[in-house]
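Source file: start_23.cif (mmCIF, C-alpha atoms)
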data_structure
loop_
_atom_site.label_atom_id
_atom_site.label_comp_id
_atom_site.auth_asym_id
_atom_site.auth_seq_id
_atom_site.Cartn_x
_atom_site.Cartn_y
_atom_site.Cartn_z
CA MET A 1 32.13 -2.93 -0.35
CA ILE A 2 30.85 0.51 0.60
CA GLY A 3 31.61 3.56 -1.48
CA LYS A 4 30.10 6.85 -2.58
CA ILE A 5 29.23 8.29 -5.96
CA LYS A 6 27.77 11.58 -7.06
CA LYS A 7 24.48 11.97 -8.93
CA ARG A 8 22.62 15.24 -9.41
CA GLY A 9 24.83 16.81 -6.79
CA ARG A 10 23.84 14.37 -4.03
CA SER A 11 25.82 11.67 -2.30
CA LEU A 12 24.60 8.08 -2.71
CA LEU A 13 25.72 4.92 -1.01
CA VAL A 14 26.80 1.91 -3.04
CA LEU A 15 26.12 -1.23 -1.02
CA SER A 16 26.54 -4.70 -2.50
CA GLY A 17 25.48 -3.49 -5.91
CA LEU A 18 22.53 -1.48 -4.61
CA VAL A 19 22.50 2.14 -5.70
CA GLY A 20 20.24 4.89 -4.41
CA VAL A 21 20.24 4.68 -0.61
CA PHE A 22 21.19 7.96 0.98
CA PRO A 23 22.70 8.44 4.45
CA ALA A 24 20.18 9.56 7.03
CA ALA A 25 19.80 13.33 7.33
CA SER A 26 18.57 13.14 10.93
CA ALA A 27 20.44 12.78 14.20
CA ASP A 28 17.38 10.99 15.60
CA TYR A 29 17.26 8.02 13.19
CA VAL A 30 19.93 5.92 11.51
CA LEU A 31 19.25 4.07 8.26
CA LYS A 32 20.71 0.58 8.22
CA ALA A 33 22.20 -0.98 5.10
CA PRO A 34 19.59 -2.36 2.67
CA ILE A 35 18.94 -6.09 2.36
CA ARG A 36 17.96 -7.54 -0.99
CA ILE A 37 14.73 -9.51 -0.56
CA SER A 38 13.73 -10.74 -4.01
CA SER A 39 13.86 -10.00 -7.71
CA ALA A 40 10.09 -9.41 -7.81
CA ARG A 41 8.43 -6.01 -7.80
CA PHE A 42 5.49 -4.42 -5.94
CA PRO A 43 6.33 -5.60 -2.39
CA ALA A 44 4.39 -5.16 0.87
CA ILE A 45 5.39 -5.37 4.56
CA ALA A 46 3.91 -6.09 8.01
CA ALA A 47 5.52 -6.24 11.46
CA SER A 48 4.69 -7.18 15.03
CA ALA A 49 4.27 -4.39 17.58
CA ASP A 50 7.90 -4.61 18.73
CA ALA A 51 9.17 -4.88 15.12
CA ARG A 52 10.99 -8.12 15.91
CA ASP A 53 8.79 -10.23 13.64
CA VAL A 54 8.71 -8.91 10.08
CA MET A 55 7.07 -10.31 6.97
CA VAL A 56 7.59 -9.03 3.43
CA SER A 57 5.50 -10.30 0.53
CA TRP A 58 5.39 -9.84 -3.22
CA TYR A 59 3.98 -11.52 -6.29
CA THR A 60 5.16 -13.04 -9.53
CA PRO A 61 2.93 -13.82 -12.53
CA THR A 62 1.86 -17.15 -10.97
CA THR A 63 2.74 -17.06 -7.26
CA ALA A 64 2.38 -14.94 -4.13
CA GLU A 65 5.55 -15.27 -2.05
CA PHE A 66 6.96 -14.03 1.25
CA ARG A 67 9.96 -14.07 3.55
CA ARG A 68 9.89 -13.73 7.32
CA SER A 69 12.37 -12.38 9.86
CA THR A 70 12.31 -13.01 13.61
CA ASN A 71 15.19 -10.66 14.47
CA GLY A 72 13.84 -7.32 13.31
CA GLY A 73 14.99 -7.64 9.72
CA ASN A 74 18.68 -8.30 10.42
CA SER A 75 18.21 -11.47 8.39
CA PHE A 76 15.32 -13.17 6.60
CA GLY A 77 14.35 -16.78 6.19
CA PRO A 78 14.00 -18.44 2.81
CA THR A 79 11.36 -17.52 0.27
CA ARG A 80 8.08 -19.33 0.87
CA VAL A 81 5.12 -19.57 -1.47
CA ALA A 82 1.70 -18.53 -0.15
CA VAL A 83 -0.20 -18.99 -3.42
CA ASP A 84 0.98 -21.44 -6.06
CA ASP A 85 -0.79 -22.34 -9.31
CA PRO A 86 -4.07 -20.66 -8.37
CA SER A 87 -6.13 -22.42 -11.07
CA ILE A 88 -9.49 -23.46 -9.68
CA PRO A 89 -9.85 -27.27 -9.80
CA GLY A 90 -12.35 -28.62 -12.28
CA ASP A 91 -12.43 -25.56 -14.50
CA GLY A 92 -9.85 -26.74 -16.99
CA ALA A 93 -7.18 -24.59 -18.57
CA TRP A 94 -6.63 -21.17 -17.06
CA PHE A 95 -3.95 -18.57 -17.51
CA ASN A 96 -2.88 -17.35 -14.08
CA MET A 97 -1.83 -13.87 -12.97
CA VAL A 98 -1.27 -13.01 -9.32
CA TYR A 99 -1.65 -9.24 -8.94
CA GLY A 100 -1.03 -8.24 -5.34
CA THR A 101 -0.22 -9.19 -1.77
CA VAL A 102 -1.00 -7.62 1.61
CA PRO A 103 0.42 -9.20 4.81
CA VAL A 104 -1.18 -8.88 8.26
CA PHE A 105 0.34 -9.72 11.68
CA THR A 106 -0.83 -10.15 15.26
CA ALA A 107 0.84 -7.79 17.68
CA ASP A 108 3.06 -10.55 19.08
CA GLY A 109 3.80 -12.10 15.71
CA SER A 110 2.08 -15.38 16.60
CA ALA A 111 -0.18 -15.37 13.55
CA ALA A 112 0.31 -14.04 10.04
CA TYR A 113 -1.89 -13.88 6.98
CA ILE A 114 -1.49 -12.76 3.39
CA MET A 115 -4.27 -11.48 1.18
CA SER A 116 -3.66 -11.96 -2.52
CA GLY A 117 -5.57 -11.31 -5.71
CA VAL A 118 -5.51 -13.60 -8.73
CA THR A 119 -6.81 -13.17 -12.27
CA LEU A 120 -7.57 -16.37 -14.15
CA GLN A 121 -8.51 -16.58 -17.82
CA THR A 122 -9.74 -19.45 -19.96
CA ASP A 123 -7.59 -20.52 -22.85
CA VAL A 124 -8.55 -18.44 -25.90
CA TYR A 125 -8.06 -21.48 -28.14
CA ALA A 126 -9.24 -24.39 -25.99
CA PRO A 127 -11.47 -23.24 -23.12
CA PRO A 128 -13.08 -25.77 -20.77
CA PRO A 129 -16.39 -27.21 -22.05
CA GLY A 130 -19.30 -24.83 -21.67
CA LEU A 131 -17.16 -21.74 -21.04
CA PRO A 132 -16.38 -19.03 -23.60
CA PRO A 133 -12.78 -18.33 -24.65
CA GLY A 134 -11.02 -15.52 -22.81
CA LEU A 135 -13.38 -15.61 -19.82
CA ASN A 136 -11.88 -13.81 -16.83
CA ARG A 137 -12.28 -15.03 -13.28
CA ASN A 138 -10.95 -12.77 -10.50
CA THR A 139 -10.29 -14.19 -7.05
CA LEU A 140 -9.38 -12.64 -3.73
CA GLY A 141 -8.00 -14.97 -1.07
CA VAL A 142 -6.68 -14.91 2.49
CA TYR A 143 -3.86 -17.36 3.20
CA ASN A 144 -2.65 -18.46 6.63
CA THR A 145 1.16 -18.40 6.74
CA THR A 146 1.56 -19.01 10.48
CA GLY A 147 2.93 -22.55 10.24
CA THR A 148 5.65 -24.05 8.12
CA SER A 149 3.38 -24.13 5.08
CA SER A 150 0.76 -21.77 3.72
CA SER A 151 -2.90 -22.78 3.57
CA PRO A 152 -5.87 -20.90 2.08
CA GLU A 153 -8.12 -19.54 4.81
CA GLN A 154 -10.78 -18.65 2.25
CA VAL A 155 -11.07 -17.60 -1.39
CA ILE A 156 -13.86 -15.80 -3.23
CA ALA A 157 -14.25 -15.64 -6.99
CA VAL A 158 -16.16 -13.53 -9.49
CA VAL A 159 -16.49 -13.94 -13.25
CA SER A 160 -16.94 -11.31 -15.93
CA ASP A 161 -19.30 -12.88 -18.46
CA GLY A 162 -22.55 -11.73 -16.87
CA CYS A 163 -23.04 -14.91 -14.84
CA GLU A 164 -23.31 -14.91 -11.08
CA LEU A 165 -20.93 -17.34 -9.42
CA ASP A 166 -20.13 -18.17 -5.80
CA THR A 167 -20.28 -14.70 -4.25
CA PRO A 168 -23.01 -12.12 -3.52
CA LEU A 169 -20.90 -9.62 -5.43
CA GLY A 170 -22.06 -11.16 -8.70
CA CYS A 171 -19.95 -10.77 -11.80
CA GLY A 172 -17.23 -8.23 -12.37
CA SER A 173 -13.56 -7.80 -11.64
CA LEU A 174 -11.48 -6.82 -8.62
CA GLY A 175 -9.09 -3.89 -8.37
CA ASP A 176 -6.84 -2.44 -5.67
CA PHE A 177 -7.31 -3.97 -2.23
CA GLU A 178 -6.12 -3.62 1.39
CA PHE A 179 -6.36 -5.85 4.45
CA VAL A 180 -6.20 -4.68 8.11
CA SER A 181 -6.73 -6.18 11.54
CA ASP A 182 -6.72 -5.28 15.20
CA ASP A 183 -3.75 -6.26 17.39
CA LEU A 184 -4.74 -9.90 17.84
CA VAL A 185 -6.51 -10.38 14.49
CA GLN A 186 -9.70 -10.95 16.45
CA HIS A 187 -11.25 -8.47 14.04
CA SER A 188 -10.20 -7.79 10.48
CA ALA A 189 -11.49 -6.03 7.39
CA SER A 190 -10.72 -5.66 3.72
CA VAL A 191 -11.50 -2.93 1.22
CA PHE A 192 -11.24 -3.27 -2.53
CA GLN A 193 -12.22 -1.69 -5.81
CA TYR A 194 -14.90 -3.63 -7.69
CA PHE A 195 -15.83 -3.21 -11.34
CA GLN A 196 -19.43 -4.32 -11.91
CA ARG A 197 -18.70 -5.30 -15.51
CA GLU A 198 -15.45 -6.22 -17.17
CA GLY A 199 -13.93 -3.23 -18.95
CA ASP A 200 -16.47 -0.82 -17.45
CA GLN A 201 -15.21 2.50 -16.12
CA GLN A 202 -17.79 2.40 -13.32
CA SER A 203 -16.51 0.83 -10.11
CA ASP A 204 -17.49 0.74 -6.45
CA ILE A 205 -15.67 0.48 -3.12
CA ILE A 206 -16.47 -2.73 -1.23
CA VAL A 207 -15.75 -3.28 2.49
CA VAL A 208 -15.74 -6.78 4.00
CA PRO A 209 -15.44 -7.06 7.83
CA GLY A 210 -14.39 -10.30 9.51
CA GLU A 211 -12.78 -12.10 12.41
CA GLY A 212 -9.28 -13.49 12.36
CA GLY A 213 -8.13 -14.44 8.91
CA ARG A 214 -11.70 -15.00 7.71
CA LEU A 215 -13.70 -12.22 6.10
CA HIS A 216 -17.47 -12.08 5.65
CA PHE A 217 -17.48 -12.30 1.87
CA ASP A 218 -21.08 -13.51 2.09
CA SER A 219 -22.18 -10.06 3.28
CA PRO A 220 -20.05 -7.45 1.51
CA ILE A 221 -20.78 -3.75 2.09
CA ASN A 222 -20.97 -1.60 -1.04
CA LEU A 223 -19.62 1.56 0.55
CA SER A 224 -20.18 3.64 -2.60
CA GLU A 225 -23.90 2.85 -2.60
CA THR A 226 -24.16 3.10 1.20
CA VAL A 227 -22.73 6.59 1.71
CA LEU A 228 -23.01 8.30 -1.69
CA GLU A 229 -26.30 9.62 -3.06
CA SER A 230 -25.05 9.00 -6.58
CA ALA A 231 -21.72 7.29 -7.20
CA ASN A 232 -20.20 8.67 -10.39
CA GLY A 233 -17.38 7.31 -12.50
CA ARG A 234 -14.58 5.26 -11.03
CA GLN A 235 -14.18 4.73 -7.30
CA SER A 236 -10.54 3.71 -6.85
CA VAL A 237 -7.35 3.40 -4.75
CA PRO A 238 -9.10 2.72 -1.42
CA LYS A 239 -7.19 2.76 1.87
CA ILE A 240 -8.50 1.41 5.17
CA ALA A 241 -7.50 1.85 8.83
CA MET A 242 -8.75 0.23 12.04
CA ASP A 243 -8.52 0.90 15.77
CA GLY A 244 -7.36 -1.65 18.34
CA SER A 245 -10.85 -2.97 19.09
CA GLY A 246 -11.93 -3.52 15.50
CA GLN A 247 -14.97 -1.29 16.01
CA LYS A 248 -13.67 1.86 14.35
CA LEU A 249 -13.11 1.56 10.60
CA PHE A 250 -11.99 4.37 8.30
CA VAL A 251 -11.89 4.26 4.48
CA ILE A 252 -10.64 6.89 2.07
CA TRP A 253 -10.69 6.67 -1.73
CA LYS A 254 -10.81 8.62 -4.99
CA GLU A 255 -13.86 9.25 -7.14
CA THR A 256 -12.98 10.21 -10.70
CA SER A 257 -15.56 11.45 -13.20
CA GLY A 258 -14.06 14.29 -15.17
CA THR A 259 -12.74 15.75 -11.92
CA SER A 260 -11.19 13.98 -8.95
CA VAL A 261 -12.93 14.00 -5.56
CA THR A 262 -11.61 12.40 -2.37
CA ARG A 263 -14.20 10.49 -0.35
CA PHE A 264 -13.89 9.62 3.34
CA ALA A 265 -16.21 7.29 5.30
CA ARG A 266 -16.28 6.06 8.90
CA SER A 267 -17.90 3.28 10.90
CA LEU A 268 -17.88 3.24 14.70
CA ASP A 269 -19.61 -0.13 15.11
CA GLY A 270 -17.41 -2.59 13.26
CA GLY A 271 -18.90 -1.86 9.85
CA SER A 272 -22.61 -2.20 10.70
CA SER A 273 -23.30 1.44 9.84
CA TRP A 274 -21.34 4.09 7.94
CA SER A 275 -21.28 7.86 7.58
CA LEU A 276 -19.71 10.04 4.90
CA LEU A 277 -17.51 12.79 6.29
CA PRO A 278 -15.78 15.72 4.56
CA SER A 279 -12.33 14.73 3.34
CA ASN A 280 -11.22 18.35 2.76
CA ILE A 281 -8.63 17.06 0.29
CA ASP A 282 -8.79 18.42 -3.25
CA ASN A 283 -7.24 16.77 -6.31
CA ALA A 284 -5.49 14.09 -4.29
CA GLY A 285 -3.18 11.68 -6.07
CA GLY A 286 -1.83 9.00 -3.75
CA ILE A 287 -3.44 8.75 -0.31
CA GLY A 288 -2.17 7.09 2.87
CA LEU A 289 -4.17 6.34 6.02
CA ASP A 290 -3.32 5.00 9.50
CA TYR A 291 -4.65 5.10 13.07
CA ALA A 292 -2.68 5.56 16.30
CA ARG A 293 -4.38 3.01 18.51
CA THR A 294 -3.39 4.35 21.94
CA ALA A 295 -3.71 8.06 21.21
CA GLY A 296 -6.78 7.68 19.00
CA THR A 297 -5.22 9.83 16.28
CA LEU A 298 -6.19 9.35 12.63
CA VAL A 299 -3.53 10.28 10.08
CA GLN A 300 -4.11 11.15 6.42
CA ALA A 301 -1.14 11.60 4.07
CA TYR A 302 -1.70 12.61 0.48
CA HIS A 303 -0.25 14.02 -2.73
CA THR A 304 -1.90 16.92 -4.56
CA GLY A 305 -1.16 18.02 -8.10
CA PHE A 306 0.73 16.29 -10.89
CA TYR A 307 2.86 18.94 -12.60
CA TYR A 308 5.04 21.70 -11.30
CA ASP A 309 3.27 25.04 -11.08
CA PRO A 310 5.37 27.88 -9.61
CA SER A 311 2.24 29.52 -8.22
CA ASN A 312 0.84 26.29 -6.77
CA PRO A 313 3.52 23.58 -6.56
CA SER A 314 2.42 20.00 -5.99
CA LEU A 315 3.13 18.74 -2.50
CA ILE A 316 2.94 15.88 -0.03
CA ALA A 317 0.91 16.80 3.05
CA VAL A 318 -0.35 15.26 6.31
CA ARG A 319 -3.40 16.05 8.41
CA THR A 320 -4.36 14.52 11.75
CA SER A 321 -7.64 14.12 13.59
CA SER A 322 -8.17 13.54 17.32
CA ASP A 323 -11.95 12.99 17.06
CA ASP A 324 -12.05 9.97 14.72
CA GLY A 325 -12.19 12.00 11.55
CA SER A 326 -15.00 14.41 12.45
CA THR A 327 -12.52 17.25 12.07
CA PHE A 328 -8.91 17.51 10.93
CA GLY A 329 -6.18 19.97 11.79
CA PRO A 330 -4.42 22.08 9.15
CA ALA A 331 -2.38 20.42 6.42
CA VAL A 332 1.33 20.17 7.22
CA THR A 333 3.66 20.07 4.22
CA VAL A 334 6.00 17.08 4.13
CA ALA A 335 7.63 17.86 0.76
CA GLU A 336 6.89 20.00 -2.29
CA SER A 337 8.14 20.33 -5.85
CA GLN A 338 11.12 22.56 -6.41
CA ASP A 339 12.27 24.61 -9.41
CA LEU A 340 15.97 23.75 -9.73
CA GLY A 341 16.60 26.34 -12.43
CA GLY A 342 17.63 25.85 -16.03
CA GLY A 343 14.32 24.12 -16.80
CA ASP A 344 14.93 21.34 -14.26
CA VAL A 345 12.25 20.43 -11.73
CA GLU A 346 12.25 18.17 -8.70
CA GLN A 347 8.68 16.82 -8.82
CA VAL A 348 7.05 15.21 -5.78
CA THR A 349 4.40 12.60 -6.49
CA GLY A 350 2.70 9.48 -5.17
CA PRO A 351 1.92 6.87 -4.25
CA VAL A 352 1.88 8.00 -0.62
CA PHE A 353 2.09 5.58 2.32
CA THR A 354 2.03 6.44 6.00
CA ALA A 355 2.39 4.56 9.30
CA VAL A 356 2.09 5.87 12.86
CA SER A 357 3.20 4.78 16.33
CA ARG A 358 0.65 3.91 19.00
CA ASP A 359 1.03 7.24 20.80
CA GLY A 360 0.59 9.16 17.53
CA GLN A 361 3.87 11.03 17.93
CA THR A 362 5.94 9.22 15.29
CA ILE A 363 4.49 9.50 11.78
CA ALA A 364 6.47 8.09 8.86
CA VAL A 365 5.64 8.98 5.24
CA LEU A 366 6.92 7.50 1.98
CA HIS A 367 6.53 9.31 -1.34
CA SER A 368 8.24 9.54 -4.73
CA GLU A 369 10.30 12.25 -6.38
CA GLU A 370 11.33 12.56 -10.00
CA PHE A 371 13.91 14.89 -11.47
CA CYS A 372 12.56 16.28 -14.74
CA ASP A 373 14.34 18.05 -17.57
CA ASN A 374 11.57 20.63 -17.97
CA ALA A 375 8.53 21.83 -16.09
CA PHE A 376 6.12 19.64 -18.08
CA GLY A 377 8.28 16.57 -18.59
CA CYS A 378 7.56 14.92 -15.27
CA MET A 379 5.71 11.69 -14.62
CA GLY A 380 8.21 9.64 -16.58
CA GLY A 381 9.11 12.34 -19.06
CA SER A 382 12.73 12.58 -17.97
CA GLY A 383 13.40 8.86 -18.32
CA GLU A 384 15.06 8.81 -14.90
CA PRO A 385 13.96 6.51 -12.06
CA PHE A 386 11.81 7.69 -9.18
CA ASP A 387 13.41 8.31 -5.78
CA THR A 388 11.59 6.75 -2.82
CA VAL A 389 11.83 9.31 -0.01
CA LEU A 390 11.27 8.74 3.73
CA SER A 391 10.16 11.62 5.96
CA VAL A 392 9.37 11.41 9.68
CA SER A 393 7.58 13.49 12.28
CA GLU A 394 8.35 12.99 15.98
CA ASP A 395 5.89 15.61 17.22
CA GLY A 396 2.58 14.15 16.13
CA GLY A 397 2.63 15.65 12.64
CA ALA A 398 3.41 19.26 13.58
CA SER A 399 6.63 19.12 11.52
CA PHE A 400 8.48 16.65 9.30
CA GLN A 401 12.13 15.93 8.64
CA ARG A 402 13.41 14.30 5.46
CA LEU A 403 15.51 11.27 6.42
CA GLY A 404 16.68 10.45 2.92
CA VAL A 405 16.16 8.47 -0.25
CA ILE A 406 15.50 4.81 0.52
CA ALA A 407 15.55 3.41 -3.01
CA ARG A 408 15.45 4.34 -6.67
CA SER A 409 13.02 2.58 -8.96
CA ASN A 410 11.33 2.72 -12.33
CA PHE A 411 8.03 1.70 -10.75
CA ALA A 412 7.72 3.74 -7.52
CA SER A 413 6.39 0.84 -5.47
CA TYR A 414 6.92 0.55 -1.71
CA ASP A 415 5.35 -0.02 1.71
CA LEU A 416 6.26 0.65 5.36
CA ALA A 417 5.47 -0.19 8.97
CA VAL A 418 6.26 1.53 12.29
CA SER A 419 6.82 -0.20 15.63
CA ALA A 420 4.35 0.48 18.45
CA ASN A 421 6.78 2.85 20.22
CA GLY A 422 8.00 4.55 17.05
CA ASP A 423 11.62 3.51 17.56
CA HIS A 424 11.77 1.47 14.35
CA ILE A 425 10.60 2.22 10.81
CA LEU A 426 10.58 -0.73 8.42
CA ILE A 427 10.48 -0.22 4.65
CA ILE A 428 10.25 -2.49 1.63
CA ALA A 429 10.77 -0.85 -1.76
CA ASP A 430 11.43 -1.55 -5.40
CA HIS A 431 14.99 -0.66 -6.30
CA VAL A 432 17.10 -0.57 -9.44
CA SER A 433 20.71 -1.74 -9.10
CA ALA A 434 23.81 -0.28 -10.72
CA THR A 435 23.38 -2.80 -13.54
CA GLY A 436 19.74 -1.82 -14.09
CA GLN A 437 18.20 -4.87 -12.38
CA GLU A 438 14.99 -4.32 -10.40
CA ALA A 439 14.68 -5.90 -6.97
CA ALA A 440 12.83 -5.48 -3.69
CA VAL A 441 15.03 -4.23 -0.83
CA PHE A 442 14.37 -4.00 2.92
CA VAL A 443 15.60 -0.94 4.84
CA ARG A 444 15.26 -0.27 8.57
CA ALA A 445 15.53 3.10 10.34
CA ASP A 446 16.27 2.98 14.07
CA ARG A 447 15.84 5.85 16.48
CA VAL A 448 19.05 6.78 18.25
CA SER A 449 18.86 6.68 22.05
CA ASP A 450 19.87 9.81 23.91
#

Starting from the coordinates I provided, produce the structure as structure tokens.
Amino acid sequence: MIGKIKKRGRSLLVLSGLVGVFPAASADYVLKAPIRISSARFPAIAASADARDVMVSWYTPTTAEFRRSTNGGNSFGPTRVAVDDPSIPGDGAWFNMVYGTVPVFTADGSAAYIMSGVTLQTDVYAPPPGLPPGLNRNTLGVYNTTGTSSSPEQVIAVVSDGCELDTPLGCGSLGDFEFVSDDLVQHSASVFQYFQREGDQQSDIIVVPGEGGRLHFDSPINLSETVLESANGRQSVPKIAMDGSGQKLFVIWKETSGTSVTRFARSLDGGSSWSLLPSNIDNAGGIGLDYARTAGTLVQAYHTGFYYDPSNPSLIAVRTSSDDGSTFGPAVTVAESQDLGGGDVEQVTGPVFTAVSRDGQTIAVLHSEEFCDNAFGCMGGSGEPFDTVLSVSEDGGASFQRLGVIARSNFASYDLAVSANGDHILIIADHVSATGQEAAVFVRADRVSD
């Protein structure tokens, strides 16, 4: 059943119990009806170049799971488990917690991998012999999902009790991570946040290049130590992009130590050497990064500011570079906070995700918006869910058009992919139903032919 309701003066679609998907506001793209994927939160998405083969992944407390479509997302196969019971054999009793998934595809969809992180902890009452209670072990694994069953391509592990284990990283814990590849997964790379000691506020950004689904965990690159004279505070929320040959790697992240600084580094030789370049982004919240592999255009999307300020409203912006990040053009505003009057504010915020077509002309951006009951009650203060908003540029980032609200969620978690020609935008997002149930939904936007 399809109907319409009114909320905050806007029209929403009601589709099979899903509330919060707006009609497209553009004559160039049409938003298709959402498809419920799973009841889990924090989803991720990957697609082949023609957007026919689509994989969505998510995690539960003890598993990393995915579903795959071979018809562009019109329908999805059954849920499959990529990581199940990630306890390490021989170590006794562990509490398991899977904390993220990132899928990667070849251009033709012939091979697919999932990277997943797992936190394991010894039983606080009955740990294995020789190990202290409450010991944390953090693992990061790549799993091959190409066949009918998933198999681990490789797994690394670190522990947090001051003892070096089976990785050159030594002891510590893993944070946010990303996984990218070239078109055929001949080259791949991962970036992640690494805490040197459990509970420490100091953390570094680690890059691990590789080939195929295997990464060179035996020779990790501490990017913070490589490009920064003195890394201060927490290095966090890294994003990575790669060109079609696997030789050009770009990483952007936040450094927080009293103030927030955005760092940007580049390698032009597959990760062998790195240089630190000006990011020219101040006080960035969420950051998105992608590379147009035919045009050679690098795209940065970011959120600045956290509270509404009439003299300097927070905004979502995009900048592009045609010389591999040496210089960037002016910031183009995608969305900004609005004073609605009567003490109400429409606040734009992160996280920010972006994806770009091969020719660099189609740039899609996802961000969040929250309606607040006063100028300083944002960031959850209103108690209302976040809107997940899709905006698109069809002129290489010179201007953006708001297509609509894709989902409404209490957690503001989402991901997107763009087909090689820019005709299809694929989104996976957390969504809250009319009954208050959270779920992951898939939404596709198709460009309308002239």

Hey, what's within 7 Å of stretch 416-421 of chain A if we count all atoms listed in the file and toss same-chain stuff fewer than 2 positions away? As a PDB file with C-alpha atoms, keeping the file's coordinate frame, please?
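Result saved to out-v5.pdb:
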ATOM      1  CA  ILE A  45       5.390  -5.370   4.560  1.00  0.00           C
ATOM      2  CA  ALA A  46       3.910  -6.090   8.010  1.00  0.00           C
ATOM      3  CA  ALA A  47       5.520  -6.240  11.460  1.00  0.00           C
ATOM      4  CA  ALA A  49       4.270  -4.390  17.580  1.00  0.00           C
ATOM      5  CA  ASP A  50       7.900  -4.610  18.730  1.00  0.00           C
ATOM      6  CA  ALA A  51       9.170  -4.880  15.120  1.00  0.00           C
ATOM      7  CA  ALA A 355       2.390   4.560   9.300  1.00  0.00           C
ATOM      8  CA  VAL A 356       2.090   5.870  12.860  1.00  0.00           C
ATOM      9  CA  SER A 357       3.200   4.780  16.330  1.00  0.00           C
ATOM     10  CA  ARG A 358       0.650   3.910  19.000  1.00  0.00           C
ATOM     11  CA  ASP A 423      11.620   3.510  17.560  1.00  0.00           C
ATOM     12  CA  HIS A 424      11.770   1.470  14.350  1.00  0.00           C
ATOM     13  CA  ILE A 425      10.600   2.220  10.810  1.00  0.00           C
ATOM     14  CA  LEU A 426      10.580  -0.730   8.420  1.00  0.00           C
ATOM     15  CA  ILE A 427      10.480  -0.220   4.650  1.00  0.00           C
ATOM     16  CA  ILE A 428      10.250  -2.490   1.630  1.00  0.00           C
TER      17      ILE A 428
END

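Closest approach to A:Ala241 among A:Cys372, A:Val30, A:Ala292, A:Val392 is made by A:Ala292 (distances from only C-alpha atoms).
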
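Applied to the file shown here, the PyMOL selection byres ((chain A and resi 115) around 6) selects the residues Thr101, Val102, Ile114, Ser116, Gly141 and Val142 of chain A.
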
Exercise. Identify, on the basis of all atoms listed in the file, every residue whose closest approach to A:Asp123 does not exceed 9 Å; exclude the query and any residue fewer than 2 positions from it along the same chain; express the result as number ranges by chain.
Key: A: 92-95, 121, 125-128, 132-135

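Within the 8 Å cut-off around A:Ser203, using all atoms listed in the file and omitting residues fewer than 6 positions from it on the same chain, the listed residues are A:Gln193, A:Tyr194, A:Phe195, A:Gln196, A:Gly233, A:Arg234, A:Gln235, A:Ser236.
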